[in-house]
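K.L.:
Structure file run.txt (compact mmCIF, N, CA and C atoms) right here:
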```
# COMPACT_ATOMS: atom_id res chain seq x y z
N MET A 270 13.91 11.96 -8.50
CA MET A 270 14.38 11.98 -7.14
C MET A 270 15.85 12.35 -7.14
N PRO A 271 16.24 13.32 -6.33
CA PRO A 271 17.65 13.71 -6.26
C PRO A 271 18.52 12.56 -5.76
N ILE A 272 19.76 12.52 -6.23
CA ILE A 272 20.69 11.45 -5.85
C ILE A 272 20.93 11.43 -4.34
N GLU A 273 20.89 12.58 -3.69
CA GLU A 273 21.08 12.63 -2.24
C GLU A 273 20.00 11.83 -1.53
N GLU A 274 18.77 11.92 -2.02
CA GLU A 274 17.67 11.16 -1.43
C GLU A 274 17.86 9.66 -1.65
N MET A 275 18.33 9.29 -2.84
CA MET A 275 18.55 7.88 -3.15
C MET A 275 19.58 7.28 -2.20
N LYS A 276 20.61 8.05 -1.84
CA LYS A 276 21.64 7.55 -0.94
C LYS A 276 21.08 7.30 0.46
N LYS A 277 20.04 8.00 0.84
CA LYS A 277 19.44 7.86 2.16
C LYS A 277 18.45 6.70 2.22
N ASN A 278 18.01 6.23 1.06
CA ASN A 278 16.95 5.24 1.02
C ASN A 278 17.36 3.96 0.32
N GLU A 279 16.71 2.90 0.71
CA GLU A 279 16.88 1.59 0.08
C GLU A 279 15.61 1.34 -0.72
N ARG A 280 15.77 0.94 -1.98
CA ARG A 280 14.61 0.66 -2.83
C ARG A 280 14.53 -0.82 -3.13
N ALA A 281 13.32 -1.26 -3.42
CA ALA A 281 13.09 -2.64 -3.83
C ALA A 281 11.89 -2.67 -4.75
N PHE A 282 11.83 -3.71 -5.53
CA PHE A 282 10.73 -3.93 -6.46
C PHE A 282 10.11 -5.27 -6.10
N VAL A 283 8.80 -5.28 -5.90
CA VAL A 283 8.13 -6.52 -5.51
C VAL A 283 7.16 -6.90 -6.62
N LEU A 284 7.37 -8.09 -7.16
CA LEU A 284 6.48 -8.66 -8.17
C LEU A 284 5.47 -9.53 -7.43
N ILE A 285 4.19 -9.33 -7.74
CA ILE A 285 3.14 -9.96 -6.95
C ILE A 285 2.15 -10.69 -7.85
N ASN A 286 1.82 -11.92 -7.47
CA ASN A 286 0.73 -12.66 -8.09
C ASN A 286 -0.47 -12.55 -7.16
N VAL A 287 -1.64 -12.28 -7.74
CA VAL A 287 -2.85 -12.17 -6.93
C VAL A 287 -3.96 -13.04 -7.52
N GLU A 288 -4.98 -13.28 -6.71
CA GLU A 288 -6.15 -14.00 -7.19
C GLU A 288 -6.78 -13.22 -8.32
N ALA A 289 -7.35 -13.93 -9.28
CA ALA A 289 -7.98 -13.30 -10.43
C ALA A 289 -9.05 -12.31 -9.97
N GLY A 290 -9.00 -11.10 -10.55
CA GLY A 290 -9.98 -10.07 -10.25
C GLY A 290 -9.68 -9.25 -9.01
N LYS A 291 -8.60 -9.55 -8.29
CA LYS A 291 -8.27 -8.83 -7.04
C LYS A 291 -7.17 -7.79 -7.24
N GLU A 292 -6.74 -7.56 -8.47
CA GLU A 292 -5.62 -6.66 -8.73
C GLU A 292 -5.85 -5.25 -8.18
N GLU A 293 -6.97 -4.66 -8.50
CA GLU A 293 -7.23 -3.28 -8.06
C GLU A 293 -7.33 -3.19 -6.54
N LYS A 294 -7.97 -4.16 -5.91
CA LYS A 294 -8.10 -4.16 -4.46
C LYS A 294 -6.72 -4.25 -3.81
N VAL A 295 -5.86 -5.13 -4.33
CA VAL A 295 -4.52 -5.29 -3.76
C VAL A 295 -3.71 -4.01 -3.96
N ILE A 296 -3.79 -3.41 -5.14
CA ILE A 296 -3.07 -2.15 -5.38
C ILE A 296 -3.53 -1.08 -4.39
N ASN A 297 -4.82 -0.96 -4.17
CA ASN A 297 -5.32 0.04 -3.22
C ASN A 297 -4.81 -0.22 -1.81
N GLU A 298 -4.72 -1.49 -1.41
CA GLU A 298 -4.17 -1.84 -0.09
C GLU A 298 -2.68 -1.52 -0.02
N LEU A 299 -1.95 -1.82 -1.08
CA LEU A 299 -0.51 -1.53 -1.11
C LEU A 299 -0.25 -0.04 -0.91
N LEU A 300 -1.03 0.79 -1.59
CA LEU A 300 -0.80 2.24 -1.56
C LEU A 300 -1.12 2.88 -0.21
N LYS A 301 -1.71 2.12 0.70
CA LYS A 301 -1.96 2.62 2.06
C LYS A 301 -0.68 2.66 2.90
N PHE A 302 0.33 1.89 2.50
CA PHE A 302 1.59 1.83 3.24
C PHE A 302 2.53 2.94 2.78
N ASP A 303 3.17 3.62 3.73
CA ASP A 303 4.13 4.67 3.40
C ASP A 303 5.31 4.12 2.60
N GLU A 304 5.68 2.88 2.85
CA GLU A 304 6.83 2.27 2.17
C GLU A 304 6.60 2.03 0.68
N VAL A 305 5.35 1.94 0.28
CA VAL A 305 5.01 1.68 -1.13
C VAL A 305 4.90 3.03 -1.84
N LYS A 306 5.83 3.27 -2.75
CA LYS A 306 5.86 4.54 -3.48
C LYS A 306 5.06 4.47 -4.78
N GLU A 307 4.98 3.28 -5.38
CA GLU A 307 4.23 3.08 -6.63
C GLU A 307 3.73 1.65 -6.65
N ALA A 308 2.61 1.44 -7.34
CA ALA A 308 2.10 0.09 -7.59
C ALA A 308 1.42 0.11 -8.95
N HIS A 309 1.75 -0.89 -9.78
CA HIS A 309 1.25 -0.93 -11.15
C HIS A 309 0.76 -2.33 -11.48
N GLU A 310 -0.37 -2.41 -12.17
CA GLU A 310 -0.80 -3.68 -12.74
C GLU A 310 0.04 -3.90 -14.00
N ILE A 311 0.55 -5.11 -14.18
CA ILE A 311 1.45 -5.39 -15.30
C ILE A 311 0.99 -6.64 -16.05
N THR A 312 1.53 -6.80 -17.26
CA THR A 312 1.25 -7.99 -18.04
C THR A 312 2.37 -9.00 -17.85
N GLY A 313 2.09 -10.24 -18.13
CA GLY A 313 3.11 -11.28 -18.00
C GLY A 313 2.77 -12.24 -16.90
N GLU A 314 3.79 -12.90 -16.38
CA GLU A 314 3.58 -13.93 -15.35
C GLU A 314 3.12 -13.35 -14.02
N LYS A 315 3.52 -12.13 -13.72
CA LYS A 315 3.13 -11.47 -12.47
C LYS A 315 2.01 -10.48 -12.76
N ASP A 316 1.24 -10.14 -11.73
CA ASP A 316 0.09 -9.26 -11.90
C ASP A 316 0.37 -7.81 -11.52
N ILE A 317 1.23 -7.61 -10.52
CA ILE A 317 1.48 -6.27 -9.97
C ILE A 317 2.97 -6.11 -9.71
N ILE A 318 3.47 -4.89 -9.93
CA ILE A 318 4.81 -4.54 -9.45
C ILE A 318 4.65 -3.35 -8.50
N ALA A 319 5.29 -3.47 -7.35
CA ALA A 319 5.27 -2.40 -6.36
C ALA A 319 6.70 -1.91 -6.14
N VAL A 320 6.85 -0.60 -6.02
CA VAL A 320 8.15 0.00 -5.73
C VAL A 320 8.14 0.40 -4.26
N LEU A 321 9.08 -0.17 -3.50
CA LEU A 321 9.17 0.11 -2.07
C LEU A 321 10.38 0.97 -1.79
N GLU A 322 10.30 1.72 -0.70
CA GLU A 322 11.42 2.54 -0.29
C GLU A 322 11.43 2.61 1.23
N THR A 323 12.59 2.31 1.82
CA THR A 323 12.77 2.46 3.26
C THR A 323 14.05 3.24 3.50
N GLU A 324 14.13 3.87 4.65
CA GLU A 324 15.34 4.61 4.99
C GLU A 324 16.46 3.65 5.32
N ARG A 325 17.68 4.02 4.88
CA ARG A 325 18.85 3.22 5.27
C ARG A 325 19.07 3.44 6.76
N ASP A 326 19.53 2.40 7.41
CA ASP A 326 19.72 2.44 8.85
C ASP A 326 20.93 1.60 9.21
N ILE A 327 21.77 2.10 10.08
CA ILE A 327 22.96 1.36 10.50
C ILE A 327 22.56 0.14 11.32
N VAL A 328 21.56 0.29 12.18
CA VAL A 328 21.16 -0.79 13.08
C VAL A 328 20.44 -1.90 12.33
N ALA A 329 19.45 -1.55 11.52
CA ALA A 329 18.68 -2.54 10.75
C ALA A 329 18.88 -2.25 9.27
N PRO A 330 19.65 -3.07 8.58
CA PRO A 330 19.87 -2.81 7.15
C PRO A 330 18.56 -2.71 6.39
N GLY A 331 18.54 -1.82 5.39
CA GLY A 331 17.34 -1.61 4.60
C GLY A 331 16.81 -2.88 3.98
N SER A 332 17.71 -3.75 3.52
CA SER A 332 17.26 -4.98 2.88
C SER A 332 16.50 -5.87 3.87
N LYS A 333 16.92 -5.91 5.10
CA LYS A 333 16.21 -6.70 6.11
C LYS A 333 14.84 -6.08 6.39
N ARG A 334 14.79 -4.77 6.46
CA ARG A 334 13.51 -4.09 6.68
C ARG A 334 12.55 -4.35 5.53
N ILE A 335 13.09 -4.37 4.31
CA ILE A 335 12.25 -4.63 3.14
C ILE A 335 11.70 -6.05 3.19
N VAL A 336 12.57 -7.02 3.47
CA VAL A 336 12.12 -8.42 3.54
C VAL A 336 11.06 -8.58 4.62
N ASN A 337 11.26 -7.97 5.78
CA ASN A 337 10.25 -8.04 6.85
C ASN A 337 8.94 -7.40 6.42
N PHE A 338 9.03 -6.27 5.73
CA PHE A 338 7.82 -5.59 5.27
C PHE A 338 7.05 -6.46 4.28
N VAL A 339 7.75 -7.06 3.34
CA VAL A 339 7.09 -7.91 2.34
C VAL A 339 6.45 -9.12 3.03
N THR A 340 7.19 -9.74 3.94
CA THR A 340 6.70 -10.94 4.62
C THR A 340 5.52 -10.66 5.54
N HIS A 341 5.60 -9.57 6.30
CA HIS A 341 4.61 -9.31 7.33
C HIS A 341 3.47 -8.39 6.90
N LYS A 342 3.63 -7.68 5.81
CA LYS A 342 2.59 -6.76 5.36
C LYS A 342 2.02 -7.16 4.00
N ILE A 343 2.85 -7.16 2.98
CA ILE A 343 2.35 -7.42 1.63
C ILE A 343 1.80 -8.83 1.50
N ALA A 344 2.54 -9.81 1.97
CA ALA A 344 2.11 -11.21 1.82
C ALA A 344 0.80 -11.50 2.55
N LYS A 345 0.46 -10.66 3.52
CA LYS A 345 -0.76 -10.88 4.30
C LYS A 345 -1.99 -10.17 3.72
N ILE A 346 -1.81 -9.39 2.67
CA ILE A 346 -2.96 -8.72 2.03
C ILE A 346 -3.85 -9.78 1.40
N HIS A 347 -5.14 -9.70 1.65
CA HIS A 347 -6.09 -10.67 1.10
C HIS A 347 -6.03 -10.62 -0.42
N GLY A 348 -5.82 -11.77 -1.03
CA GLY A 348 -5.74 -11.87 -2.48
C GLY A 348 -4.33 -12.08 -2.99
N VAL A 349 -3.32 -11.76 -2.17
CA VAL A 349 -1.92 -11.97 -2.59
C VAL A 349 -1.61 -13.46 -2.50
N GLN A 350 -1.09 -14.01 -3.59
CA GLN A 350 -0.75 -15.43 -3.62
C GLN A 350 0.75 -15.68 -3.51
N GLU A 351 1.55 -14.81 -4.11
CA GLU A 351 2.99 -15.02 -4.15
C GLU A 351 3.70 -13.70 -4.39
N THR A 352 4.89 -13.56 -3.82
CA THR A 352 5.70 -12.36 -4.06
C THR A 352 7.12 -12.75 -4.41
N ASP A 353 7.75 -11.95 -5.24
CA ASP A 353 9.18 -12.05 -5.55
C ASP A 353 9.75 -10.66 -5.33
N THR A 354 10.78 -10.57 -4.49
CA THR A 354 11.36 -9.27 -4.15
C THR A 354 12.72 -9.11 -4.82
N ILE A 355 12.90 -7.97 -5.46
CA ILE A 355 14.16 -7.63 -6.11
C ILE A 355 14.75 -6.43 -5.37
N ILE A 356 15.95 -6.62 -4.82
CA ILE A 356 16.63 -5.54 -4.10
C ILE A 356 17.90 -5.22 -4.89
N PRO A 357 17.95 -4.04 -5.52
CA PRO A 357 19.15 -3.68 -6.29
C PRO A 357 20.37 -3.59 -5.38
N THR A 358 21.50 -4.04 -5.90
CA THR A 358 22.74 -3.95 -5.13
C THR A 358 23.47 -2.65 -5.41
N THR A 359 23.27 -2.08 -6.59
CA THR A 359 23.81 -0.76 -6.93
C THR A 359 22.77 -0.03 -7.76
N SER A 360 22.84 1.28 -7.73
CA SER A 360 21.90 2.08 -8.51
C SER A 360 22.62 3.26 -9.12
N LYS A 361 22.22 3.63 -10.29
CA LYS A 361 22.70 4.85 -10.93
C LYS A 361 21.47 5.60 -11.42
N ILE A 362 21.52 6.90 -11.25
CA ILE A 362 20.40 7.74 -11.64
C ILE A 362 20.88 8.71 -12.69
N LYS A 363 20.12 8.86 -13.72
CA LYS A 363 20.43 9.86 -14.73
C LYS A 363 20.10 11.22 -14.16
N THR A 364 21.08 12.13 -14.15
CA THR A 364 20.83 13.46 -13.60
C THR A 364 20.94 14.50 -14.68
```
Write the structure described by the file as structure tokens, please.

P.N.:
Amino acid sequence: MPIEEMKKNERAFVLINVEAGKEEKVINELLKFDEVKEAHEITGEKDIIAVLETERDIVAPGSKRIVNFVTHKIAKIHGVQETDTIIPTTSKIKT
């Protein structure tokens, strides 16, 4: 992704715990949202990591939009038990 695009967008990473056996269903539901750019089943304490992206906005900060999206959309997907959201404060891209 070009650095110009990164400056226009706010990214976040959401770690998700789901009910056993629901990983694929939850990933398919996540990928229906435009804000979800990637979703991966992972090993460890969490089951899924999702990469979110929203446009930066002067009126509604991207971080607030991300938190609202996680709370009102991701957390409500059947099978989702818990989410942890990581919002980077700075980013550097190798060009």

K.L.:
Once you count only N, CA and C atoms, what closest atom pair and distance in Å to one decimal does each residue of region 311-362 of chain A within 6.5 Å of region 284-293 of chain A have, with rows by chain and rising residue number, as a Markdown table?

P.N.:
```
| residue | atom | partner | partner_atom | distance |
| --- | --- | --- | --- | --- |
| A:Glu314 | C | A:Asn286 | CA | 6.4 |
| A:Lys315 | CA | A:Ile285 | C | 4.8 |
| A:Asp316 | N | A:Ile285 | C | 4.0 |
| A:Ile317 | C | A:Ile285 | N | 4.0 |
| A:Ile318 | CA | A:Leu284 | CA | 4.6 |
| A:Ala319 | N | A:Leu284 | N | 5.1 |
| A:Gly348 | C | A:Glu288 | N | 4.0 |
| A:Val349 | CA | A:Val287 | CA | 4.4 |
| A:Gln350 | N | A:Asn286 | C | 3.9 |
| A:Glu351 | C | A:Asn286 | N | 4.0 |
| A:Thr352 | CA | A:Leu284 | C | 4.4 |
| A:Asp353 | C | A:Leu284 | N | 4.0 |
| A:Thr354 | N | A:Leu284 | N | 5.0 |
| A:Ile355 | N | A:Leu284 | N | 5.8 |
```

K.L.:
Which residues in chain A does DSSP call helix (DSSP H, G or I)? List them as a PyMOL selection string.

P.N.:
chain A and resi 272-277+292-299+331-341+343-345

K.L.:
I'd like to know which residues of chain A are strand (DSSP E) (by DSSP, run on the backbone); could you write them as a count of residues only?

P.N.:
31

K.L.:
Enter the distance from CA of Gly313 (chain A) to CA of Thr359 (chain A), in Å, rounded to one decimal.

P.N.:
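Rounded to one decimal, the two atoms are 25.7 Å apart.
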
K.L.:
Give me the residues within 6.5 Å of Glu322 (chain A) as a PyMOL selection string, counting all atoms listed in the file and dropping any in the same chain fewer than 6 places off.

P.N.:
chain A and resi 278-281+303-306

K.L.:
Go ahead and save the picked residues with N, CA and C atoms, as a PDB file, keeping the file's coordinate frame.

P.N.:
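What ended up in selection.pdb:
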```
ATOM      1  N   ASN A 278      18.010   6.230   1.060  1.00  0.00           N
ATOM      2  CA  ASN A 278      16.950   5.240   1.020  1.00  0.00           C
ATOM      3  C   ASN A 278      17.360   3.960   0.320  1.00  0.00           C
ATOM      4  N   GLU A 279      16.710   2.900   0.710  1.00  0.00           N
ATOM      5  CA  GLU A 279      16.880   1.590   0.080  1.00  0.00           C
ATOM      6  C   GLU A 279      15.610   1.340  -0.720  1.00  0.00           C
ATOM      7  N   ARG A 280      15.770   0.940  -1.980  1.00  0.00           N
ATOM      8  CA  ARG A 280      14.610   0.660  -2.830  1.00  0.00           C
ATOM      9  C   ARG A 280      14.530  -0.820  -3.130  1.00  0.00           C
ATOM     10  N   ALA A 281      13.320  -1.260  -3.420  1.00  0.00           N
ATOM     11  CA  ALA A 281      13.090  -2.640  -3.830  1.00  0.00           C
ATOM     12  C   ALA A 281      11.890  -2.670  -4.750  1.00  0.00           C
ATOM     13  N   ASP A 303       3.170   3.620   3.730  1.00  0.00           N
ATOM     14  CA  ASP A 303       4.130   4.670   3.400  1.00  0.00           C
ATOM     15  C   ASP A 303       5.310   4.120   2.600  1.00  0.00           C
ATOM     16  N   GLU A 304       5.680   2.880   2.850  1.00  0.00           N
ATOM     17  CA  GLU A 304       6.830   2.270   2.170  1.00  0.00           C
ATOM     18  C   GLU A 304       6.600   2.030   0.680  1.00  0.00           C
ATOM     19  N   VAL A 305       5.350   1.940   0.280  1.00  0.00           N
ATOM     20  CA  VAL A 305       5.010   1.680  -1.130  1.00  0.00           C
ATOM     21  C   VAL A 305       4.900   3.030  -1.840  1.00  0.00           C
ATOM     22  N   LYS A 306       5.830   3.270  -2.750  1.00  0.00           N
ATOM     23  CA  LYS A 306       5.860   4.540  -3.480  1.00  0.00           C
ATOM     24  C   LYS A 306       5.060   4.470  -4.780  1.00  0.00           C
TER      25      LYS A 306
END
```

K.L.:
Which residues are near region 342-346 of chain A? Cut-off 8 Å, all atoms listed in the file, ignore same chain within fewer than 5 positions. Put them as a ChimeraX atom specification.

P.N.:
/A:295,298-299,336-337,351-352

K.L.:
Would you compute the distance between atom C of Lys301 (chain A) and atom C of Arg334 (chain A)? Give it in Å to one decimal.

P.N.:
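Between these atoms lies a distance of 15.2 Å.
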
K.L.:
Between atom N of Val320 (chain A) and atom C of Val283 (chain A), what is the spacing in Å?

P.N.:
6.3 Å
